[in-house]
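*Asks:* Enclosed is the structure file target39.tsv (TSV, C-alpha atoms).
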chain	number	residue	atom	x	y	z
A	123	MET	CA	14.69	-16.54	225.97
A	124	PRO	CA	15.85	-20.17	225.72
A	125	THR	CA	18.88	-21.09	223.64
A	126	HIS	CA	18.52	-23.11	220.45
A	127	ASP	CA	21.76	-25.07	220.12
A	128	SER	CA	20.51	-28.66	220.56
A	129	PRO	CA	18.70	-30.52	217.76
A	130	PRO	CA	15.02	-29.59	217.66
A	131	VAL	CA	12.41	-32.10	218.81
A	132	ILE	CA	9.10	-33.16	217.29
A	133	THR	CA	6.51	-33.08	220.04
A	134	GLY	CA	3.24	-33.38	218.14
A	135	ILE	CA	1.92	-35.18	215.07
A	136	GLY	CA	-1.35	-34.72	213.20
A	137	ILE	CA	-2.25	-37.11	210.38
A	138	ALA	CA	-4.95	-37.07	207.72
A	139	ALA	CA	-4.08	-39.86	205.30
A	140	PRO	CA	-5.61	-42.71	203.31
A	141	THR	CA	-4.41	-45.01	206.09
A	142	GLY	CA	-6.42	-43.14	208.72
A	143	ILE	CA	-7.12	-39.91	210.51
A	144	GLY	CA	-5.02	-39.57	213.65
A	145	VAL	CA	-1.67	-40.96	214.72
A	146	GLU	CA	-2.72	-44.30	216.15
A	147	ALA	CA	-5.28	-45.07	213.42
A	148	HIS	CA	-2.59	-44.51	210.79
A	149	TRP	CA	0.03	-46.52	212.66
A	150	ALA	CA	-2.32	-49.46	213.21
A	151	ALA	CA	-3.17	-49.54	209.50
A	152	VAL	CA	0.52	-49.40	208.53
A	153	LEU	CA	1.48	-52.28	210.81
A	154	ALA	CA	-1.48	-54.32	209.57
A	155	GLY	CA	-0.61	-53.58	205.94
A	156	LYS	CA	-4.12	-52.18	205.47
A	157	SER	CA	-4.14	-50.24	202.23
A	158	GLY	CA	-6.02	-47.02	201.61
A	159	ILE	CA	-5.80	-47.52	197.85
A	160	ASP	CA	-9.12	-47.95	196.05
A	161	ARG	CA	-11.11	-46.68	193.09
A	162	ILE	CA	-11.32	-42.89	192.98
A	163	THR	CA	-14.61	-41.59	194.37
A	164	ARG	CA	-14.04	-37.81	194.31
A	165	PHE	CA	-15.01	-37.90	190.62
A	166	ASP	CA	-15.85	-40.56	188.04
A	167	PRO	CA	-12.47	-41.84	186.80
A	168	ALA	CA	-13.88	-44.15	184.11
A	169	ALA	CA	-12.50	-42.05	181.25
A	170	TYR	CA	-8.99	-41.90	182.70
A	171	PRO	CA	-6.18	-44.46	182.40
A	172	VAL	CA	-5.64	-44.23	186.18
A	173	THR	CA	-8.69	-45.11	188.27
A	174	LEU	CA	-7.01	-45.87	191.61
A	175	ALA	CA	-5.77	-43.52	194.32
A	176	GLY	CA	-5.40	-43.10	198.06
A	177	GLU	CA	-8.27	-41.00	199.41
A	178	VAL	CA	-8.79	-39.83	202.99
A	179	SER	CA	-12.00	-41.63	203.75
A	180	GLY	CA	-14.26	-40.52	206.58
A	181	PHE	CA	-12.92	-36.98	206.59
A	182	SER	CA	-15.53	-34.29	207.18
A	183	PRO	CA	-14.22	-30.72	207.21
A	184	THR	CA	-17.26	-29.56	209.16
A	185	ASP	CA	-15.94	-31.48	212.17
A	186	MET	CA	-12.55	-29.76	212.22
A	187	VAL	CA	-12.62	-26.60	210.08
A	188	PRO	CA	-14.51	-23.34	210.74
A	189	SER	CA	-17.46	-23.06	208.35
A	190	GLN	CA	-16.26	-19.88	206.65
A	191	LEU	CA	-12.91	-21.47	205.84
A	192	ILE	CA	-14.60	-24.44	204.20
A	193	GLN	CA	-16.04	-22.06	201.61
A	194	GLN	CA	-12.86	-20.03	201.23
A	195	THR	CA	-10.21	-22.76	200.95
A	196	ASP	CA	-9.44	-25.98	199.08
A	197	HIS	CA	-9.63	-29.57	200.30
A	198	TRP	CA	-5.85	-29.75	200.79
A	199	THR	CA	-6.02	-26.83	203.21
A	200	HIS	CA	-8.96	-28.44	205.06
A	201	LEU	CA	-6.81	-31.53	205.62
A	202	ALA	CA	-3.92	-29.43	206.94
A	203	LEU	CA	-6.13	-27.38	209.24
A	204	ALA	CA	-7.52	-30.55	210.79
A	205	ALA	CA	-4.07	-32.16	211.11
A	206	SER	CA	-2.58	-29.01	212.65
A	207	THR	CA	-5.25	-28.92	215.33
A	208	ASP	CA	-4.51	-32.56	216.16
A	209	ALA	CA	-0.74	-31.95	216.15
A	210	LEU	CA	-0.95	-29.05	218.57
A	211	ALA	CA	-3.25	-31.02	220.86
A	212	ASP	CA	-0.88	-33.98	220.68
A	213	ALA	CA	2.00	-31.72	221.70
A	214	GLY	CA	-0.02	-30.15	224.49
A	215	VAL	CA	0.64	-26.70	223.05
A	216	ASP	CA	-1.53	-23.64	223.55
A	217	PRO	CA	-0.13	-21.19	220.98
A	218	GLY	CA	-1.86	-18.34	222.80
A	219	ALA	CA	0.38	-18.91	225.80
A	220	LEU	CA	3.59	-18.38	223.79
A	221	PRO	CA	5.07	-15.27	222.15
A	222	GLU	CA	3.28	-15.07	218.80
A	223	TYR	CA	6.29	-13.72	216.88
A	224	GLU	CA	8.39	-16.70	217.99
A	225	LEU	CA	5.93	-19.18	216.44
A	226	ALA	CA	6.43	-20.02	212.76
A	227	VAL	CA	4.74	-22.01	209.98
A	228	VAL	CA	6.52	-23.75	207.09
A	229	THR	CA	4.64	-26.24	204.92
A	230	ALA	CA	5.15	-28.03	201.63
A	231	SER	CA	2.81	-28.11	198.66
A	232	SER	CA	3.10	-29.61	195.22
A	233	SER	CA	-0.26	-28.98	193.59
A	234	GLY	CA	-1.94	-26.17	195.50
A	235	GLY	CA	-5.71	-25.89	195.44
A	236	THR	CA	-6.41	-27.61	192.13
A	237	GLU	CA	-9.91	-28.79	192.98
A	238	PHE	CA	-11.01	-25.30	194.09
A	239	GLY	CA	-9.37	-23.81	191.01
A	240	GLN	CA	-11.02	-26.28	188.64
A	241	HIS	CA	-14.44	-25.50	190.11
A	242	GLU	CA	-13.97	-21.76	189.65
A	243	MET	CA	-12.60	-22.13	186.12
A	244	THR	CA	-15.57	-24.31	185.20
A	245	THR	CA	-17.85	-21.60	186.55
A	246	LEU	CA	-16.00	-19.03	184.44
A	247	TYR	CA	-16.33	-20.98	181.20
A	248	ARG	CA	-19.99	-21.83	181.77
A	249	ASN	CA	-21.00	-18.34	182.83
A	250	ASN	CA	-18.85	-15.21	182.96
A	251	PRO	CA	-16.16	-13.62	185.17
A	252	GLU	CA	-18.73	-12.25	187.60
A	253	TRP	CA	-19.47	-15.82	188.71
A	254	VAL	CA	-15.88	-16.48	189.83
A	255	GLY	CA	-15.48	-16.17	193.60
A	256	ALA	CA	-13.02	-13.75	195.12
A	257	TYR	CA	-11.31	-16.58	197.01
A	258	GLN	CA	-10.09	-18.12	193.75
A	259	SER	CA	-7.21	-15.65	193.97
A	260	ILE	CA	-5.85	-17.23	197.15
A	261	ALA	CA	-7.36	-20.70	197.62
A	262	TRP	CA	-5.36	-22.25	194.76
A	263	PHE	CA	-2.07	-20.65	195.82
A	264	TYR	CA	0.71	-22.90	197.14
A	265	ALA	CA	1.13	-20.77	200.26
A	266	ALA	CA	-2.59	-20.79	201.12
A	267	THR	CA	-2.23	-23.52	203.74
A	268	THR	CA	0.72	-21.83	205.42
A	269	GLY	CA	-1.22	-18.58	205.56
A	270	GLN	CA	-4.37	-20.18	206.95
A	271	LEU	CA	-2.43	-22.08	209.63
A	272	SER	CA	-0.65	-18.89	210.62
A	273	ILE	CA	-3.93	-17.00	210.92
A	274	ARG	CA	-5.82	-19.83	212.61
A	275	HIS	CA	-3.22	-20.41	215.34
A	276	LYS	CA	-1.94	-16.81	215.60
A	277	MET	CA	1.60	-17.74	214.63
A	278	ARG	CA	3.15	-14.51	213.41
A	279	GLY	CA	6.81	-15.52	213.12
A	280	PRO	CA	8.55	-16.43	209.84
A	281	CYS	CA	6.26	-18.32	207.47
A	282	GLY	CA	6.88	-19.99	204.12
A	283	VAL	CA	6.10	-22.79	201.71
A	284	LEU	CA	8.43	-25.20	199.89
A	285	CYS	CA	7.48	-26.46	196.43
A	286	GLY	CA	9.73	-29.42	195.61
A	287	GLU	CA	7.07	-32.07	194.99
A	288	GLN	CA	7.72	-35.08	197.27
A	289	ALA	CA	11.11	-33.69	198.37
A	290	GLY	CA	9.46	-30.45	199.46
A	291	GLY	CA	8.04	-32.17	202.54
A	292	LEU	CA	11.53	-32.77	203.90
A	293	ASP	CA	12.69	-29.34	202.78
A	294	ALA	CA	9.93	-27.78	204.88
A	295	ILE	CA	11.14	-29.63	207.96
A	296	GLY	CA	14.71	-28.66	207.16
A	297	GLN	CA	13.65	-25.03	206.98
A	298	ALA	CA	11.73	-25.41	210.24
A	299	ARG	CA	14.91	-26.66	211.90
A	300	ARG	CA	16.76	-23.66	210.52
A	301	LEU	CA	14.16	-21.31	211.99
A	302	THR	CA	14.58	-22.80	215.48
A	303	ARG	CA	18.28	-22.08	215.20
A	304	ARG	CA	17.41	-18.46	214.46
A	305	GLY	CA	15.18	-18.03	217.47
A	306	ALA	CA	11.81	-19.58	216.70
A	307	ARG	CA	10.41	-21.49	219.67
A	308	LEU	CA	8.00	-23.64	217.72
A	309	VAL	CA	7.32	-24.31	214.04
A	310	LEU	CA	4.22	-25.91	212.60
A	311	THR	CA	5.56	-27.84	209.61
A	312	GLY	CA	4.96	-30.76	207.25
A	313	GLY	CA	2.39	-30.65	204.50
A	314	THR	CA	-0.63	-32.02	202.70
A	315	ASP	CA	-1.71	-32.27	199.08
A	316	ALA	CA	-5.05	-33.13	197.49
A	317	SER	CA	-5.15	-33.18	193.72
A	318	LEU	CA	-7.68	-35.93	193.03
A	319	CYS	CA	-9.84	-34.04	190.57
A	320	PRO	CA	-9.93	-34.30	186.76
A	321	TYR	CA	-7.59	-31.35	186.30
A	322	GLY	CA	-5.19	-32.60	188.97
A	323	VAL	CA	-5.05	-36.18	187.71
A	324	THR	CA	-4.58	-34.97	184.12
A	325	ALA	CA	-1.61	-32.89	185.26
A	326	GLN	CA	-0.12	-35.90	187.05
A	327	LEU	CA	-0.58	-38.10	183.99
A	328	SER	CA	1.71	-35.75	182.06
A	329	THR	CA	4.72	-37.08	184.00
A	330	GLY	CA	4.27	-40.55	182.53
A	331	LYS	CA	4.95	-42.07	185.95
A	332	LEU	CA	1.46	-43.06	187.10
A	333	SER	CA	0.60	-46.75	187.11
A	334	THR	CA	-2.33	-47.80	184.94
A	335	VAL	CA	-2.53	-51.31	186.42
A	336	PRO	CA	-6.16	-51.83	187.49
A	337	ASP	CA	-5.42	-54.18	190.42
A	338	PRO	CA	-4.95	-52.10	193.60
A	339	GLU	CA	-2.66	-54.78	195.06
A	340	ARG	CA	-0.34	-54.79	192.03
A	341	ALA	CA	-0.44	-51.20	190.80
A	342	TYR	CA	2.25	-49.64	193.01
A	343	LEU	CA	5.22	-51.93	193.64
A	344	PRO	CA	8.44	-49.99	194.28
A	345	PHE	CA	11.69	-51.89	193.68
A	346	ASP	CA	9.71	-54.88	192.37
A	347	ARG	CA	10.37	-56.61	189.07
A	348	ALA	CA	6.77	-55.78	188.14
A	349	ALA	CA	7.02	-52.06	189.02
A	350	SER	CA	4.91	-49.98	186.64
A	351	GLY	CA	4.77	-46.54	188.24
A	352	HIS	CA	3.02	-45.15	191.28
A	353	LEU	CA	-0.49	-44.19	192.32
A	354	PRO	CA	-1.56	-40.72	193.46
A	355	GLY	CA	-2.99	-39.92	196.86
A	356	GLU	CA	-4.15	-37.11	199.10
A	357	GLY	CA	-3.43	-36.03	202.66
A	358	GLY	CA	-0.24	-35.92	204.68
A	359	ALA	CA	0.97	-34.93	208.13
A	360	ILE	CA	1.53	-31.76	210.13
A	361	LEU	CA	4.24	-31.79	212.79
A	362	VAL	CA	5.05	-29.61	215.80
A	363	LEU	CA	8.78	-29.00	215.77
A	364	GLU	CA	10.27	-27.14	218.75
A	365	SER	CA	13.68	-26.09	219.90
A	366	ALA	CA	14.74	-28.51	222.60
A	367	ALA	CA	15.14	-25.68	225.09
A	368	SER	CA	11.68	-24.26	224.43
A	369	ALA	CA	10.06	-27.67	224.72
A	370	ALA	CA	11.78	-28.19	228.07
A	371	GLU	CA	10.87	-24.69	229.25
A	372	ARG	CA	7.15	-25.21	228.65
A	373	GLY	CA	7.27	-28.72	230.16
A	374	ALA	CA	6.51	-30.70	227.00
A	375	GLY	CA	5.37	-34.13	228.11
A	376	GLN	CA	6.66	-36.08	225.13
A	377	SER	CA	9.08	-36.05	222.25
A	378	TYR	CA	8.74	-38.40	219.30
A	379	GLY	CA	12.32	-37.75	218.26
A	380	ARG	CA	14.99	-35.28	217.24
A	381	VAL	CA	15.88	-33.91	213.81
A	382	LEU	CA	19.61	-34.59	213.61
A	383	GLY	CA	20.49	-34.07	209.96
A	384	TYR	CA	19.16	-32.69	206.69
A	385	ALA	CA	20.46	-32.13	203.19
A	386	ALA	CA	19.06	-31.35	199.77
A	387	GLY	CA	20.41	-31.74	196.25
A	388	PHE	CA	19.36	-31.50	192.62
A	389	ASP	CA	19.99	-33.96	189.83
A	390	PRO	CA	21.95	-32.88	186.76
A	391	ALA	CA	20.10	-32.34	183.50
A	392	PRO	CA	19.20	-35.48	181.50
A	393	GLY	CA	22.13	-36.61	179.37
A	394	SER	CA	24.72	-35.14	181.72
A	395	ASP	CA	27.80	-37.19	182.54
A	396	ARG	CA	27.48	-36.16	186.19
A	397	PRO	CA	25.92	-38.69	188.60
A	398	PRO	CA	22.49	-38.28	190.23
A	399	ALA	CA	22.50	-36.25	193.44
A	400	LEU	CA	20.85	-38.70	195.85
A	401	ARG	CA	24.00	-40.46	197.06
A	402	ARG	CA	25.71	-37.14	197.77
A	403	THR	CA	22.58	-35.86	199.49
A	404	ILE	CA	22.51	-38.87	201.82
A	405	GLU	CA	26.20	-38.44	202.63
A	406	GLN	CA	25.72	-34.75	203.36
A	407	ALA	CA	22.79	-35.49	205.68
A	408	LEU	CA	24.95	-38.01	207.55
A	409	ALA	CA	27.72	-35.44	207.88
A	410	ASP	CA	25.24	-32.83	209.07
A	411	ALA	CA	24.05	-35.26	211.75
A	412	ALA	CA	27.64	-36.21	212.69
A	413	LEU	CA	26.79	-39.86	212.02
A	414	THR	CA	28.21	-42.63	209.87
A	415	ALA	CA	26.33	-45.03	207.61
A	416	GLY	CA	26.59	-47.69	210.31
A	417	ASP	CA	24.54	-45.54	212.69
A	418	ILE	CA	21.41	-45.71	210.49
A	419	ASP	CA	19.03	-48.51	211.47
A	420	VAL	CA	16.33	-48.07	208.82
A	421	VAL	CA	15.79	-46.20	205.56
A	422	PHE	CA	12.34	-44.95	204.58
A	423	ALA	CA	12.88	-44.86	200.83
A	424	ASP	CA	11.28	-42.55	198.31
A	425	GLY	CA	10.09	-45.56	196.27
A	426	SER	CA	9.05	-43.96	192.99
A	427	GLY	CA	7.69	-47.20	191.56
A	428	THR	CA	9.16	-46.52	188.12
A	429	PRO	CA	11.95	-48.97	187.21
A	430	ALA	CA	14.61	-46.39	186.31
A	431	ASP	CA	14.00	-44.25	189.38
A	432	ASP	CA	13.89	-47.29	191.66
A	433	LEU	CA	17.19	-48.57	190.31
A	434	ALA	CA	18.83	-45.16	190.78
A	435	GLU	CA	17.62	-44.95	194.37
A	436	ALA	CA	18.64	-48.54	195.15
A	437	ARG	CA	22.12	-47.87	193.77
A	438	ALA	CA	22.46	-44.73	195.88
A	439	ILE	CA	21.42	-46.57	199.05
A	440	SER	CA	23.76	-49.49	198.30
A	441	ALA	CA	26.63	-47.14	197.52
A	442	VAL	CA	26.33	-45.48	200.93
A	443	PHE	CA	25.40	-48.46	203.13
A	444	GLY	CA	26.47	-51.48	201.11
A	445	PRO	CA	24.24	-54.03	199.34
A	446	HIS	CA	21.53	-55.50	201.61
A	447	ALA	CA	23.22	-53.75	204.56
A	448	VAL	CA	20.38	-51.67	206.05
A	449	PRO	CA	16.65	-52.38	206.31
A	450	VAL	CA	14.61	-50.38	203.79
A	451	THR	CA	10.86	-49.81	203.70
A	452	VAL	CA	8.28	-47.96	201.59
A	453	PRO	CA	5.05	-47.69	203.63
A	454	LYS	CA	3.62	-45.23	201.09
A	455	VAL	CA	2.49	-48.20	199.01
A	456	LEU	CA	-0.56	-48.09	201.32
A	457	THR	CA	-1.39	-44.47	200.50
A	458	GLY	CA	0.00	-43.69	197.09
A	459	ARG	CA	2.41	-40.80	196.65
A	460	LEU	CA	1.04	-37.78	198.47
A	461	TYR	CA	3.54	-35.33	196.96
A	462	GLY	CA	3.92	-32.40	199.39
A	463	GLY	CA	2.26	-34.48	202.09
A	464	GLY	CA	4.09	-37.74	201.40
A	465	ALA	CA	7.46	-37.06	203.00
A	466	PRO	CA	5.96	-35.54	206.18
A	467	LEU	CA	3.81	-38.67	206.50
A	468	ASP	CA	6.95	-40.79	206.06
A	469	VAL	CA	8.61	-38.74	208.81
A	470	ALA	CA	5.64	-39.33	211.11
A	471	THR	CA	5.73	-43.06	210.35
A	472	ALA	CA	9.49	-43.18	210.94
A	473	LEU	CA	9.06	-41.47	214.32
A	474	LEU	CA	6.46	-44.07	215.31
A	475	ALA	CA	8.82	-46.83	214.18
A	476	LEU	CA	11.56	-45.38	216.38
A	477	ARG	CA	9.12	-45.10	219.27
A	478	ASP	CA	7.98	-48.72	219.08
A	479	GLY	CA	11.11	-50.42	217.72
A	480	VAL	CA	9.37	-51.88	214.68
A	481	ILE	CA	9.94	-51.39	210.94
A	482	PRO	CA	6.72	-51.41	208.89
A	483	HIS	CA	6.75	-53.64	205.84
A	484	THR	CA	6.33	-52.85	202.17
A	485	THR	CA	3.21	-54.71	201.11
A	486	GLY	CA	2.81	-56.32	197.70
A	487	VAL	CA	6.46	-56.53	196.69
A	488	GLU	CA	7.37	-60.11	195.84
A	489	GLU	CA	10.54	-60.09	193.75
A	490	LEU	CA	13.13	-57.33	193.71
A	491	ALA	CA	14.08	-55.97	190.32
A	492	PRO	CA	17.60	-56.72	189.03
A	493	GLY	CA	20.11	-54.30	190.52
A	494	CYS	CA	17.92	-53.39	193.49
A	495	ASP	CA	20.23	-54.95	196.07
A	496	LEU	CA	18.25	-53.91	199.11
A	497	ASP	CA	17.18	-55.45	202.39
A	498	LEU	CA	13.58	-54.46	201.68
A	499	VAL	CA	11.28	-55.32	204.58
A	500	THR	CA	8.32	-57.25	203.13
A	501	GLN	CA	5.65	-59.71	204.24
A	502	ALA	CA	5.43	-58.47	207.85
A	503	PRO	CA	6.79	-55.75	210.17
A	504	ARG	CA	10.25	-56.37	211.59
A	505	THR	CA	10.84	-55.82	215.31
A	506	THR	CA	14.34	-54.54	216.07
A	507	PRO	CA	16.01	-51.88	218.23
A	508	LEU	CA	16.02	-48.56	216.39
A	509	ARG	CA	18.07	-45.47	217.14
A	510	HIS	CA	18.27	-43.52	213.88
A	511	ALA	CA	16.09	-43.41	210.78
A	512	LEU	CA	16.86	-41.91	207.38
A	513	VAL	CA	13.94	-40.59	205.33
A	514	LEU	CA	14.48	-40.00	201.60
A	515	ALA	CA	12.37	-38.04	199.15
A	516	ARG	CA	12.70	-37.09	195.52
A	517	GLY	CA	10.62	-34.66	193.51
A	518	HIS	CA	9.70	-34.50	189.85
A	519	GLY	CA	12.31	-32.51	187.95
A	520	GLY	CA	15.35	-33.51	190.01
A	521	PHE	CA	14.77	-32.57	193.66
A	522	ASN	CA	16.46	-34.80	196.28
A	523	SER	CA	16.23	-34.50	200.06
A	524	ALA	CA	17.30	-36.55	203.08
A	525	LEU	CA	16.35	-36.19	206.73
A	526	ILE	CA	17.83	-38.06	209.71
A	527	LEU	CA	15.77	-38.64	212.85
A	528	ALA	CA	16.89	-39.88	216.25
A	529	ARG	CA	14.80	-41.65	218.86
Please go through the file and, once you have read it, give me the structure as C-alpha cells.
*Replies:*
Amino acid sequence: MPTHDSPPVITGIGIAAPTGIGVEAHWAAVLAGKSGIDRITRFDPAAYPVTLAGEVSGFSPTDMVPSQLIQQTDHWTHLALAASTDALADAGVDPGALPEYELAVVTASSSGGTEFGQHEMTTLYRNNPEWVGAYQSIAWFYAATTGQLSIRHKMRGPCGVLCGEQAGGLDAIGQARRLTRRGARLVLTGGTDASLCPYGVTAQLSTGKLSTVPDPERAYLPFDRAASGHLPGEGGAILVLESAASAAERGAGQSYGRVLGYAAGFDPAPGSDRPPALRRTIEQALADAALTAGDIDVVFADGSGTPADDLAEARAISAVFGPHAVPVTVPKVLTGRLYGGGAPLDVATALLALRDGVIPHTTGVEELAPGCDLDLVTQAPRTTPLRHALVLARGHGGFNSALILAR
C-alpha cells in the first residue's frame, strides 16, 4: 500500500453550475464575466420577493443519470451524479480497478432534497399517505448524495456528509484530506445543492439575507457600497482528491493542485465580547499549511453580500494580510450562493486560476463599501503568477472555514 504523508492532490473536477456544465465551459464563462443569474424558471416566482437565481441551464438528468435514480432521487443528487462521472473521467480513474474499501465519499449539503420533499408533501396533503412514495424517506436526506455516489461508483470506504451551509463545502474537502491520511487512496468530495422550489426559497428568505433587487446586474454585489444581500443558486462541483502516493502509483496524468492547509471555526453567539472566528480560522489554515500571509497570492472570499458580513470578512482579511495587500475575488456573483455546492465550486475555480495564472474578476462591483479595504479584482481578470490560493467560506449560524491550495 502507498504511504499518505504528502499533501493530497486534486486530479479530477466535475462541474454543474449556472456558469456551465463541465470544467472548461465554467472557466470560460467566469473569465468572460458571463453571469448565470436570471429569473427563476423552475417555478413561477412572481409571488416571492426574490425572483432571481442561478440555475443550471441545459442540464438533462437523462443524459447522465440512470433512469431509475431519476425517479428515486432529488435534483441536487442528479447534479452530483453527473458531476462525479465527469470528475472521475477527468481524473482518468476507473474505480473498479482500485480496492473498493480504500475509496471514500464525503460531500456537503445544506438543503437536502427539498424539491423532492415538497412534491411528496404536496401529494400527501392533496390525497393521503398511501400516495407518498417510499423514496421520500431517503431522497430528501442530507446524506442521500453521498450514499448514491458510493453505490454508483462502488466506493465502500468511509463515507459522510458535512452540513455547515457554505462552509460545509470546505469542511468536506478537509475531511477528505483527513481520510487520505488514514489510508484512503481516493475520495470523491465537494458538493451540490438545489433548493430552487417554493419551499426552498421560502426557507432561504427566513435568513433575511437574500437580495430583493430586481436587476440581475445589481442584486448581488459583495463588498460594494450598494450591497443588499445575495442571490440563491443551484449546482456545485465534485472533486477527485487522492493521496499523492496513490495518484503516482496509478500513473495519474494530471494534478490541478495540492490541498496544503485547512481550518474551521465557529463564531461566538451574538452579543458576545469575543471576536468573530474568521481571522483565527485563516491564521490556523496558514499554520496548518506551514505558510505565512505573504505566501498567499489570491483570496477567494466568501462574499456574503450583506453589509455587516462583508465588513466582518474584509476586516478579517485585512487583519491577516494588511489593507489592500492581497488580491481578492468573488466569482460566485455569477452563480449566486450555492450553499453546500458553493465552496467546492470556488475551490475548482481557484485551481483553474492557479493552473492558468489568472485571477477572475468580481463583476458588477463599482465602489467598495467603507471599511472594506481590499484589493478586490474588478472590471477584468488579472494575469499574474500564482502559487497559493486561499478559499474562504462561511455558513449561516456561525460556521467559518478556510482552505489553502497550491499549484
*Asks:* Give me, as JSON lines, each residue of region 262-324 of chain A that comes within 12 Å of region 181-188 of chain A, together with its shortest interatomic pair and the distance in Å at one decimal, counting all atoms listed in the file, with rows ordered by chain and rising residue number.
*Replies:*
{"residue": "A:Gln270", "atom": "CA", "partner": "A:Val187", "partner_atom": "CA", "distance": 10.9}
{"residue": "A:Leu271", "atom": "CA", "partner": "A:Val187", "partner_atom": "CA", "distance": 11.2}
{"residue": "A:Arg274", "atom": "CA", "partner": "A:Pro188", "partner_atom": "CA", "distance": 9.6}
*Asks:* List the spatial neighbours of region 465-471 of chain A as a PyMOL selection string - criterion: any atom at most 8 Å away, all atoms listed in the file, same-chain residues fewer than 6 positions off excluded.
*Replies:* chain A and resi 135+137+149+288-292+312-313+358-361+422+453-454+513-515
*Asks:* Tell me, counting all atoms listed in the file, for each residue of region 362-479 of chain A within 9 Å of region 486-497 of chain A, which pair of atoms is nearest and how far apart they are in Å to one decimal, in rows ordered by chain and increasing number, as JSON lines.
*Replies:*
{"residue": "A:Pro429", "atom": "CA", "partner": "A:Ala491", "partner_atom": "CA", "distance": 8.0}
{"residue": "A:Asp432", "atom": "CA", "partner": "A:Cys494", "partner_atom": "CA", "distance": 7.5}
{"residue": "A:Leu433", "atom": "CA", "partner": "A:Cys494", "partner_atom": "CA", "distance": 5.8}
{"residue": "A:Ala434", "atom": "CA", "partner": "A:Cys494", "partner_atom": "CA", "distance": 8.7}
{"residue": "A:Glu435", "atom": "CA", "partner": "A:Cys494", "partner_atom": "CA", "distance": 8.5}
{"residue": "A:Ala436", "atom": "CA", "partner": "A:Cys494", "partner_atom": "CA", "distance": 5.2}
{"residue": "A:Arg437", "atom": "CA", "partner": "A:Cys494", "partner_atom": "CA", "distance": 6.9}
{"residue": "A:Ile439", "atom": "CA", "partner": "A:Leu496", "partner_atom": "CA", "distance": 8.0}
{"residue": "A:Ser440", "atom": "CA", "partner": "A:Asp495", "partner_atom": "CA", "distance": 6.9}
{"residue": "A:Gly444", "atom": "CA", "partner": "A:Asp495", "partner_atom": "CA", "distance": 8.7}
{"residue": "A:Pro445", "atom": "CA", "partner": "A:Asp495", "partner_atom": "CA", "distance": 5.3}
{"residue": "A:His446", "atom": "CA", "partner": "A:Asp497", "partner_atom": "CA", "distance": 4.4}
{"residue": "A:Ala447", "atom": "CA", "partner": "A:Asp497", "partner_atom": "CA", "distance": 6.6}
{"residue": "A:Val448", "atom": "CA", "partner": "A:Asp497", "partner_atom": "CA", "distance": 6.2}
{"residue": "A:Pro449", "atom": "CA", "partner": "A:Asp497", "partner_atom": "CA", "distance": 5.0}
{"residue": "A:Val450", "atom": "CA", "partner": "A:Asp497", "partner_atom": "CA", "distance": 5.9}
{"residue": "A:Thr451", "atom": "CA", "partner": "A:Asp497", "partner_atom": "CA", "distance": 8.6}
{"residue": "A:Val455", "atom": "CA", "partner": "A:Gly486", "partner_atom": "CA", "distance": 8.2}
*Asks:* Go ahead and compute the interatomic distance for CA of Gly458 (chain A) and CA of Ser233 (chain A), in Å to one decimal.
*Replies:* 15.1 Å
*Asks:* What is the CA of Ser259 (chain A) to CA of His200 (chain A) distance in Å?
*Replies:*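 That distance, rounded to one decimal, is 17.0 Å.
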*Asks:* Quick one: distance from CA of Tyr461 (chain A) to CA of Val152 (chain A) in Å, one decimal?
*Replies:*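 Separation of CA of Tyr461 (chain A) and CA of Val152 (chain A): 18.5 Å.
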*Asks:* Can you write out as CSV which residues of region 289-372 of chain A fall within 9 Å of region 155-166 of chain A, alongside each residue's closest atom pair and its distance in Å to one decimal, counting all atoms listed in the file and ordering rows by chain and ascending residue number?
*Replies:*
residue,atom,partner,partner_atom,distance
A:Leu318,CA,A:Arg164,CA,6.8
A:Cys319,CA,A:Phe165,CA,6.5
A:Pro320,CA,A:Phe165,CA,7.3
A:Pro338,CA,A:Ile159,CA,6.3
A:Glu339,CA,A:Ile159,CA,8.4
A:Leu353,CA,A:Ile159,CA,8.4
A:Gly355,CA,A:Ile159,CA,8.2
*Asks:* Just to be explicit: take each residue in the selection above, keep C-alpha atoms, and write the result as a CSV table (one decimal), in the frame of the given file.
*Replies:*
chain,number,residue,atom,x,y,z
A,318,LEU,CA,-7.7,-35.9,193.0
A,319,CYS,CA,-9.8,-34.0,190.6
A,320,PRO,CA,-9.9,-34.3,186.8
A,338,PRO,CA,-5.0,-52.1,193.6
A,339,GLU,CA,-2.7,-54.8,195.1
A,353,LEU,CA,-0.5,-44.2,192.3
A,355,GLY,CA,-3.0,-39.9,196.9
*Asks:* Find, counting all atoms listed in the file, the residue in A:Ser317, A:Thr207, A:Asn249, A:Ser232 that gets nearest to His275 (chain A).
*Replies:*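 Looking at the shortest contact to His275 (chain A), the residue is A:Thr207.
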*Asks:* Just the residues within 12 Å of region 416-418 of chain A, please, counting only C-alpha atoms, with nothing from its chain fewer than 5 positions along; format it as a PyMOL selection string.
*Replies:* chain A and resi 382-383+404-405+407-409+411+439+442-444+447-450+476+507-513+525-529
*Asks:* Export, as a short mmCIF file (atom, residue, chain, number, x, y, z; two decimals), keeping the file's coordinate frame, the selected residues with C-alpha atoms.
*Replies:*
data_model
loop_
_atom_site.label_atom_id
_atom_site.label_comp_id
_atom_site.auth_asym_id
_atom_site.auth_seq_id
_atom_site.Cartn_x
_atom_site.Cartn_y
_atom_site.Cartn_z
CA LEU A 382 19.61 -34.59 213.61
CA GLY A 383 20.49 -34.07 209.96
CA ILE A 404 22.51 -38.87 201.82
CA GLU A 405 26.20 -38.44 202.63
CA ALA A 407 22.79 -35.49 205.68
CA LEU A 408 24.95 -38.01 207.55
CA ALA A 409 27.72 -35.44 207.88
CA ALA A 411 24.05 -35.26 211.75
CA ILE A 439 21.42 -46.57 199.05
CA VAL A 442 26.33 -45.48 200.93
CA PHE A 443 25.40 -48.46 203.13
CA GLY A 444 26.47 -51.48 201.11
CA ALA A 447 23.22 -53.75 204.56
CA VAL A 448 20.38 -51.67 206.05
CA PRO A 449 16.65 -52.38 206.31
CA VAL A 450 14.61 -50.38 203.79
CA LEU A 476 11.56 -45.38 216.38
CA PRO A 507 16.01 -51.88 218.23
CA LEU A 508 16.02 -48.56 216.39
CA ARG A 509 18.07 -45.47 217.14
CA HIS A 510 18.27 -43.52 213.88
CA ALA A 511 16.09 -43.41 210.78
CA LEU A 512 16.86 -41.91 207.38
CA VAL A 513 13.94 -40.59 205.33
CA LEU A 525 16.35 -36.19 206.73
CA ILE A 526 17.83 -38.06 209.71
CA LEU A 527 15.77 -38.64 212.85
CA ALA A 528 16.89 -39.88 216.25
CA ARG A 529 14.80 -41.65 218.86
#
